[in-house]
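Participant: Dropping the structure in here first, questions after.
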Amino acid sequence: MIKIEDLREKRKEILKCGGDEKTKKQHKNGKMTARERLNLLLDEKSFVEIDMFVTHRSNEFGMHNISAPGEGVVTGYGTINGRTVYVYSQDFTVMGGSLGEEHAAKICKIMDIAIKTGNPIIGINDSGGARIQEGNDALKGFGEIFRRNSHASGVIPQISINLGPCAGGAVYSPALCDFIFMVNKISQLFITGPSVIKAITGEDVTFESLGGADVHSQISGVAAFKSPNEAECFLLVKKLFTFLPSNNLETPPTCAREDNPNRLNEKIFDFLPSDSNKSYDIINIIKEVVDFGDFLEIFENYAKNIVIGFARLNGNVVGIIANQPKVLAGVLDFNSSTKAARFIRFCDCFNIPLVTFTDVPGYLPGISQEHSGIIRHGAKLLYAFSEATVPKINVILRKAYGGAYIAMNSKHLGADMVFAWPSAEIAVMGPEGAANIIFRKEIASSNDPISARKEKILEYKENFSNPFVAASRGYVDDVIEPHLTRIKIISALEILKGKRESRPKKKHGNIPL
């Protein structure tokens, strides 16, 4: 019979992880240990560890002589703001956090429980990749994790916090999650490392410039969030968590409704220029409308011509999609279309209503856009809005031209309620371009082509480039005064709470990936 003293001693040895020297090295590199991270992420004293005593069973390449406390990963469950989450945290002090057969089995077990119980899964990745000594068993482990990521998708929120190297096949579990967090100068994700790239292509590149936090939050669009250090990263994770339901059968958590739902948005007039060709920052308008100006932007530094994120209106969570006129005039391109489409589908999975602020002059023209697949990527946005069955509200602020107007949650894609400001311009194209085409002959034959062109532009604006023509067709439900925007959206959300909408029965659609 094992004595209590023996049990305590075993636990004590495992809690030493890779030993004092490796722990000191971890701290020296600005990184916490696996359990320190969990203690900071979770509510105080809420963490319950599972599978502490698991160890590898490999005997190849001297593995029989290697002790790997906890198999290099800490797994279990705890709470964030009192809500249950399942977690795993890779331990870089134990064999570089490398993933072997039993390491993967621990992660898979905790993912299985999370799916069965309907609670989010949060993974903290800090690993050198597959454990080479275990060969195919390690690769099998990755595949088992990826399969569970796929099965959990749309069922429970999946968050990946990357706090170290993540290379090769290891990057695909984070990629299959809903949100990836990275820390500057600490996190790296890449398929092939600098040395392999140098050997194959001759290119010289550092770990940071290849797959660091700046690269993935600004260029590749892999990371949704970037933080300056681990402590701030965990605070950001906690904030995101306040907007998410635990699973796809629940609604997001509500907050006390302290911000007046009948508050007028008088400041909007300070933010919107009278000249429709001048830019402005859509963030100012979003913050003026939502509760307490609290808006959590996602992919803040990637595809900045569109803005996505979470906020609350009258205490209820909404997902916001908005064109950003101060970046590329708010046009849609292949990156912004994909960015918005994935966010829309996440919100639809987890019962989060969608609110769109539209000010879009069209799609970005150019050879590079066409060759990069703007047709395919742009179709993702159409698909996402059309597929979504959550309440969908659109506010057209200014420009809404052509196919981009349709793509931005128009009535034609199934928006439940479409509002327009008096400044809205809803048309096939801008009045200048339209006048040049429609009235080409009249302008050319005029004695004063410049004056004639101005006259025809004005004529087009009066006849088409305003919200009232669309409103007369029922494509716009109401033309509203801008300072009433918050009141109108909250009212629409309230009446749409009981919305029920189905789609034709099918296994799944085939989004143009």
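For the structure tokens, the naming scheme is as follows: chains receive sequential letters (A, B, ...) according to their order of presentation, residues are indexed from 1 within each chain, and ligands are indexed from 1 in presentation order.
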If you run DSSP on the backbone here, which positions in range 285-460 of chain A get alpha helix (DSSP H)? Please write them as JSON, numbers by chain.
Facilitator: {"A": [285, 286, 287, 288, 289, 334, 335, 336, 337, 338, 339, 340, 341, 342, 343, 344, 345, 346, 347, 348, 349, 367, 368, 369, 370, 371, 374, 375, 376, 377, 378, 379, 380, 381, 382, 383, 384, 385, 386, 387, 402, 403, 404, 405, 406, 407, 431, 432, 433, 434, 435, 436, 437, 438, 440, 441, 442, 443, 444, 445, 449, 450, 451, 452, 453, 454, 455, 456, 457, 458, 459, 460]}
Participant: Contacts of Ala470 in chain A at 12 Å or less, counting only C-alpha atoms, minus same-chain residues fewer than 3 places along, as number ranges by chain?
Facilitator: A: 396, 400, 405, 410-412, 418-420, 422, 424-428, 463-467, 473-479
Participant: With C-alpha atoms kept, could you save the residues just selected as an mmCIF file, in the first residue's frame?
Facilitator:
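Written output follows (result31.cif):
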data_model
loop_
_atom_site.group_PDB
_atom_site.id
_atom_site.type_symbol
_atom_site.label_atom_id
_atom_site.label_comp_id
_atom_site.auth_asym_id
_atom_site.auth_seq_id
_atom_site.Cartn_x
_atom_site.Cartn_y
_atom_site.Cartn_z
ATOM 1 C CA ILE A 396 -25.566 52.139 -44.000
ATOM 2 C CA ALA A 400 -22.747 51.457 -50.422
ATOM 3 C CA TYR A 405 -23.004 46.939 -50.996
ATOM 4 C CA SER A 410 -27.581 43.748 -47.390
ATOM 5 C CA LYS A 411 -31.270 42.925 -47.282
ATOM 6 C CA HIS A 412 -30.646 40.772 -50.349
ATOM 7 C CA VAL A 418 -31.412 47.611 -42.581
ATOM 8 C CA PHE A 419 -31.155 51.228 -41.483
ATOM 9 C CA ALA A 420 -29.635 54.065 -43.492
ATOM 10 C CA PRO A 422 -29.622 60.413 -44.763
ATOM 11 C CA ALA A 424 -26.193 57.062 -47.397
ATOM 12 C CA GLU A 425 -25.410 56.635 -51.085
ATOM 13 C CA ILE A 426 -26.781 53.322 -52.327
ATOM 14 C CA ALA A 427 -26.062 52.732 -56.001
ATOM 15 C CA VAL A 428 -24.358 50.532 -58.563
ATOM 16 C CA ASN A 463 -32.232 60.040 -58.616
ATOM 17 C CA PHE A 464 -30.187 57.116 -57.322
ATOM 18 C CA SER A 465 -27.347 57.951 -54.944
ATOM 19 C CA ASN A 466 -29.436 58.377 -51.813
ATOM 20 C CA PRO A 467 -31.213 56.078 -49.345
ATOM 21 C CA ARG A 473 -38.211 49.346 -52.695
ATOM 22 C CA GLY A 474 -38.066 48.014 -49.138
ATOM 23 C CA TYR A 475 -34.317 47.337 -49.354
ATOM 24 C CA VAL A 476 -33.862 49.803 -46.481
ATOM 25 C CA ASP A 477 -36.325 49.427 -43.606
ATOM 26 C CA ASP A 478 -35.896 52.948 -42.274
ATOM 27 C CA VAL A 479 -33.904 56.100 -42.931
#
Participant: Taking the DSSP secondary structure from the backbone, can you list the residues of range 127-304 of chain A that are strand (DSSP E), as a PDB file with N, CA and C atoms, in the first residue's frame?
Facilitator:
ATOM      1  N   GLN A 158     -12.661  27.565 -28.920  1.00  0.00           N
ATOM      2  CA  GLN A 158     -11.295  27.040 -28.784  1.00  0.00           C
ATOM      3  C   GLN A 158     -10.317  28.202 -28.889  1.00  0.00           C
ATOM      4  N   ILE A 159      -9.500  28.360 -27.858  1.00  0.00           N
ATOM      5  CA  ILE A 159      -8.540  29.460 -27.799  1.00  0.00           C
ATOM      6  C   ILE A 159      -7.136  28.888 -27.697  1.00  0.00           C
ATOM      7  N   SER A 160      -6.247  29.406 -28.533  1.00  0.00           N
ATOM      8  CA  SER A 160      -4.846  28.968 -28.517  1.00  0.00           C
ATOM      9  C   SER A 160      -3.967  30.147 -28.099  1.00  0.00           C
ATOM     10  N   ILE A 161      -3.207  29.935 -27.013  1.00  0.00           N
ATOM     11  CA  ILE A 161      -2.274  30.954 -26.536  1.00  0.00           C
ATOM     12  C   ILE A 161      -0.868  30.444 -26.829  1.00  0.00           C
ATOM     13  N   ASN A 162      -0.176  31.108 -27.712  1.00  0.00           N
ATOM     14  CA  ASN A 162       1.153  30.642 -28.119  1.00  0.00           C
ATOM     15  C   ASN A 162       2.234  31.452 -27.416  1.00  0.00           C
ATOM     16  N   PRO A 165       8.015  28.649 -29.053  1.00  0.00           N
ATOM     17  CA  PRO A 165       8.097  28.164 -30.433  1.00  0.00           C
ATOM     18  C   PRO A 165       6.949  27.212 -30.744  1.00  0.00           C
ATOM     19  N   CYS A 166       6.520  27.227 -31.971  1.00  0.00           N
ATOM     20  CA  CYS A 166       5.483  26.305 -32.428  1.00  0.00           C
ATOM     21  C   CYS A 166       5.788  26.044 -33.899  1.00  0.00           C
ATOM     22  N   ALA A 167       6.309  24.852 -34.199  1.00  0.00           N
ATOM     23  CA  ALA A 167       6.838  24.602 -35.537  1.00  0.00           C
ATOM     24  C   ALA A 167       6.264  23.332 -36.141  1.00  0.00           C
ATOM     25  N   PHE A 179      -9.414  31.465 -31.973  1.00  0.00           N
ATOM     26  CA  PHE A 179      -8.610  32.669 -31.755  1.00  0.00           C
ATOM     27  C   PHE A 179      -7.194  32.269 -31.334  1.00  0.00           C
ATOM     28  N   ILE A 180      -6.215  32.933 -31.928  1.00  0.00           N
ATOM     29  CA  ILE A 180      -4.810  32.707 -31.576  1.00  0.00           C
ATOM     30  C   ILE A 180      -4.256  33.970 -30.919  1.00  0.00           C
ATOM     31  N   PHE A 181      -3.631  33.782 -29.776  1.00  0.00           N
ATOM     32  CA  PHE A 181      -2.959  34.873 -29.060  1.00  0.00           C
ATOM     33  C   PHE A 181      -1.452  34.667 -29.165  1.00  0.00           C
ATOM     34  N   MET A 182      -0.713  35.761 -29.373  1.00  0.00           N
ATOM     35  CA  MET A 182       0.748  35.695 -29.406  1.00  0.00           C
ATOM     36  C   MET A 182       1.331  36.841 -28.587  1.00  0.00           C
ATOM     37  N   VAL A 183       2.572  36.648 -28.143  1.00  0.00           N
ATOM     38  CA  VAL A 183       3.279  37.664 -27.361  1.00  0.00           C
ATOM     39  C   VAL A 183       4.526  38.089 -28.115  1.00  0.00           C
ATOM     40  N   GLN A 188       6.479  32.263 -31.619  1.00  0.00           N
ATOM     41  CA  GLN A 188       6.776  32.055 -33.049  1.00  0.00           C
ATOM     42  C   GLN A 188       5.984  30.860 -33.569  1.00  0.00           C
ATOM     43  N   LEU A 189       5.401  31.031 -34.741  1.00  0.00           N
ATOM     44  CA  LEU A 189       4.747  29.922 -35.436  1.00  0.00           C
ATOM     45  C   LEU A 189       5.283  29.868 -36.855  1.00  0.00           C
ATOM     46  N   PHE A 190       5.677  28.671 -37.294  1.00  0.00           N
ATOM     47  CA  PHE A 190       6.107  28.496 -38.680  1.00  0.00           C
ATOM     48  C   PHE A 190       6.097  27.014 -39.030  1.00  0.00           C
ATOM     49  N   PHE A 225      -4.704  38.272 -31.835  1.00  0.00           N
ATOM     50  CA  PHE A 225      -4.285  39.221 -30.801  1.00  0.00           C
ATOM     51  C   PHE A 225      -2.774  39.139 -30.587  1.00  0.00           C
ATOM     52  N   LYS A 226      -2.185  40.296 -30.312  1.00  0.00           N
ATOM     53  CA  LYS A 226      -0.767  40.368 -29.963  1.00  0.00           C
ATOM     54  C   LYS A 226      -0.624  41.186 -28.689  1.00  0.00           C
ATOM     55  N   SER A 227       0.204  40.694 -27.766  1.00  0.00           N
ATOM     56  CA  SER A 227       0.414  41.395 -26.496  1.00  0.00           C
ATOM     57  C   SER A 227       1.906  41.618 -26.268  1.00  0.00           C
ATOM     58  N   PHE A 295     -15.290  48.325 -26.846  1.00  0.00           N
ATOM     59  CA  PHE A 295     -15.241  47.543 -28.075  1.00  0.00           C
ATOM     60  C   PHE A 295     -13.939  46.763 -28.123  1.00  0.00           C
ATOM     61  N   LEU A 296     -14.035  45.441 -28.196  1.00  0.00           N
ATOM     62  CA  LEU A 296     -12.842  44.586 -28.285  1.00  0.00           C
ATOM     63  C   LEU A 296     -12.593  44.266 -29.756  1.00  0.00           C
ATOM     64  N   GLU A 297     -11.618  44.957 -30.332  1.00  0.00           N
ATOM     65  CA  GLU A 297     -11.322  44.734 -31.744  1.00  0.00           C
ATOM     66  C   GLU A 297     -10.477  43.479 -31.916  1.00  0.00           C
ATOM     67  N   ILE A 298     -10.760  42.729 -32.962  1.00  0.00           N
ATOM     68  CA  ILE A 298     -10.046  41.490 -33.273  1.00  0.00           C
ATOM     69  C   ILE A 298      -9.303  41.666 -34.595  1.00  0.00           C
TER      70      ILE A 298
END
Participant: Within 7 Å of range 434-439 of chain A, counting only C-alpha atoms, which residues show up once you throw out same-chain ones fewer than 5 positions away? Write them as number ranges by chain, please.
Facilitator: A: 429, 456-457, 460
Participant: For CA of Asp359 in chain A and CA of Lys399 in chain A, quote the distance in Å rounded to one decimal.
Facilitator: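 For CA of Asp359 in chain A relative to CA of Lys399 in chain A, the distance reads 4.7 Å.
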Participant: Tell me which protein, DNA and RNA residues are within 6 Å of range 246-258 of chain A, counting only C-alpha atoms, leaving out same-chain ones fewer than 5 positions away, and put them as a PyMOL selection string.
Facilitator: chain A and resi 118-120+155-156+314-316+350-351
Participant: The selected residues should be written to file as a compact mmCIF listing (two decimals), in the first residue's frame (atoms: N, CA and C atoms).
Facilitator:
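Final file, result-v1.txt:
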# COMPACT_ATOMS: atom_id res chain seq x y z
N GLY A 118 -19.49 20.54 -22.78
CA GLY A 118 -19.88 21.82 -23.36
C GLY A 118 -19.18 23.01 -22.73
N ASN A 119 -17.87 22.89 -22.54
CA ASN A 119 -17.09 23.98 -21.97
C ASN A 119 -15.91 24.32 -22.86
N PRO A 120 -15.50 25.58 -22.88
CA PRO A 120 -14.40 26.00 -23.76
C PRO A 120 -13.09 25.28 -23.44
N VAL A 155 -18.78 24.01 -31.77
CA VAL A 155 -19.47 23.38 -30.64
C VAL A 155 -19.06 24.07 -29.34
N ILE A 156 -17.75 24.22 -29.13
CA ILE A 156 -17.24 24.97 -27.99
C ILE A 156 -16.18 25.95 -28.49
N ASN A 314 -27.07 47.36 -24.78
CA ASN A 314 -28.04 47.10 -23.72
C ASN A 314 -27.69 45.82 -22.95
N GLY A 315 -26.40 45.62 -22.77
CA GLY A 315 -25.91 44.48 -21.99
C GLY A 315 -25.76 43.19 -22.74
N ASN A 316 -26.20 43.16 -24.01
CA ASN A 316 -26.15 41.94 -24.80
C ASN A 316 -24.99 41.96 -25.80
N PHE A 350 -22.06 30.62 -32.45
CA PHE A 350 -22.25 30.78 -31.01
C PHE A 350 -23.32 31.82 -30.64
N ASN A 351 -24.31 31.95 -31.54
CA ASN A 351 -25.53 32.70 -31.22
C ASN A 351 -25.27 34.16 -30.86
Participant: Kindly give the distance, in Å, that separates CA of Lys461 in chain A and CA of Ile268 in chain A, rounded to a single decimal.
Facilitator: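 About the pair CA of Lys461 in chain A and CA of Ile268 in chain A: they are 23.4 Å apart.
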Participant: Taking a cut-off of 12 Å and counting only C-alpha atoms, can you build a table that, for each residue of range 174-218 of chain A near range 23-40 of chain A, reports the nearest atom pair and how far apart they are in Å (one decimal), sorted by chain then residue number, as JSON lines?
Facilitator:
{"residue": "A:Val183", "atom": "CA", "partner": "A:Lys31", "partner_atom": "CA", "distance": 10.1}
{"residue": "A:Asn184", "atom": "CA", "partner": "A:Gly30", "partner_atom": "CA", "distance": 10.6}
{"residue": "A:Lys185", "atom": "CA", "partner": "A:Gly30", "partner_atom": "CA", "distance": 9.2}
{"residue": "A:Ile186", "atom": "CA", "partner": "A:Lys31", "partner_atom": "CA", "distance": 7.6}
{"residue": "A:Ser187", "atom": "CA", "partner": "A:Lys31", "partner_atom": "CA", "distance": 10.1}
Participant: Please dump the current selection as a PDB file, in the first residue's frame; keep N, CA and C atoms.
Facilitator:
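Final file, out_9.pdb:
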ATOM      1  N   VAL A 183       2.572  36.648 -28.143  1.00  0.00           N
ATOM      2  CA  VAL A 183       3.279  37.664 -27.361  1.00  0.00           C
ATOM      3  C   VAL A 183       4.526  38.089 -28.115  1.00  0.00           C
ATOM      4  N   ASN A 184       4.729  39.381 -28.167  1.00  0.00           N
ATOM      5  CA  ASN A 184       5.859  39.937 -28.907  1.00  0.00           C
ATOM      6  C   ASN A 184       7.199  39.425 -28.368  1.00  0.00           C
ATOM      7  N   LYS A 185       8.066  39.010 -29.288  1.00  0.00           N
ATOM      8  CA  LYS A 185       9.436  38.545 -28.992  1.00  0.00           C
ATOM      9  C   LYS A 185       9.486  37.209 -28.250  1.00  0.00           C
ATOM     10  N   ILE A 186       8.336  36.581 -28.018  1.00  0.00           N
ATOM     11  CA  ILE A 186       8.297  35.290 -27.324  1.00  0.00           C
ATOM     12  C   ILE A 186       7.685  34.206 -28.203  1.00  0.00           C
ATOM     13  N   SER A 187       6.592  34.551 -28.883  1.00  0.00           N
ATOM     14  CA  SER A 187       5.857  33.561 -29.678  1.00  0.00           C
ATOM     15  C   SER A 187       6.393  33.481 -31.100  1.00  0.00           C
TER      16      SER A 187
END
Participant: Need the shell around Lys339 in chain A: protein/DNA/RNA residues with any atom at most 12 Å away, counting only C-alpha atoms. Skip same-chain ones fewer than 6 positions apart. Format as a ChimeraX atom specification?
Facilitator: /A:217,220-224,298-309,321-323,332-333,345-346,377-378,380-381,384
Participant: Excluding same-chain residues fewer than 2 positions from Thr356 in chain A, what lies within 8 Å of it counting only C-alpha atoms, as a list in words?
Facilitator: Ile320, Ile321, Ala322, Leu354, Thr358, Lys392, Ile393, Asn394, Val395, Met408 and Asn409 of chain A
Participant: Would you mind exporting the chosen residues as a PDB file, in the first residue's frame, restricted to C-alpha atoms?
Facilitator:
ATOM      1  CA  ILE A 320     -19.570  44.077 -35.186  1.00  0.00           C
ATOM      2  CA  ILE A 321     -18.341  44.255 -38.777  1.00  0.00           C
ATOM      3  CA  ALA A 322     -17.552  47.699 -40.188  1.00  0.00           C
ATOM      4  CA  LEU A 354     -24.358  40.633 -36.086  1.00  0.00           C
ATOM      5  CA  THR A 358     -21.491  49.943 -43.995  1.00  0.00           C
ATOM      6  CA  LYS A 392     -28.502  40.516 -38.620  1.00  0.00           C
ATOM      7  CA  ILE A 393     -28.698  44.310 -38.541  1.00  0.00           C
ATOM      8  CA  ASN A 394     -27.079  46.688 -41.018  1.00  0.00           C
ATOM      9  CA  VAL A 395     -26.595  50.442 -40.748  1.00  0.00           C
ATOM     10  CA  MET A 408     -21.982  43.981 -46.538  1.00  0.00           C
ATOM     11  CA  ASN A 409     -25.030  42.353 -44.964  1.00  0.00           C
TER      12      ASN A 409
END
Participant: I'd like the neighbourhood of Ile374 in chain A as a VMD selection string, where a residue qualifies if any of its atoms comes within 10 Å (using only C-alpha atoms), though same-chain residues fewer than 2 positions away should be ignored.
Facilitator: chain A and resid 332 to 335 337 to 338 363 to 366 368 to 372 376 to 380
Participant: Go through A:Lys45, A:His103, A:Lys326, A:Arg500 one by one, measure the shortest atom-to-atom distance of each to Glu71 in chain A using only C-alpha atoms, and give the residue with the smallest value.
Facilitator: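 Closest to Glu71 in chain A, using only C-alpha atoms: A:His103.
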Participant: Nearest to Gly129 in chain A among A:Cys108, A:Val290, A:Ile145, A:Leu99, with distances taken over only C-alpha atoms: which residue is it?
Facilitator: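 For Gly129 in chain A, the nearest of the given residues is A:Leu99.
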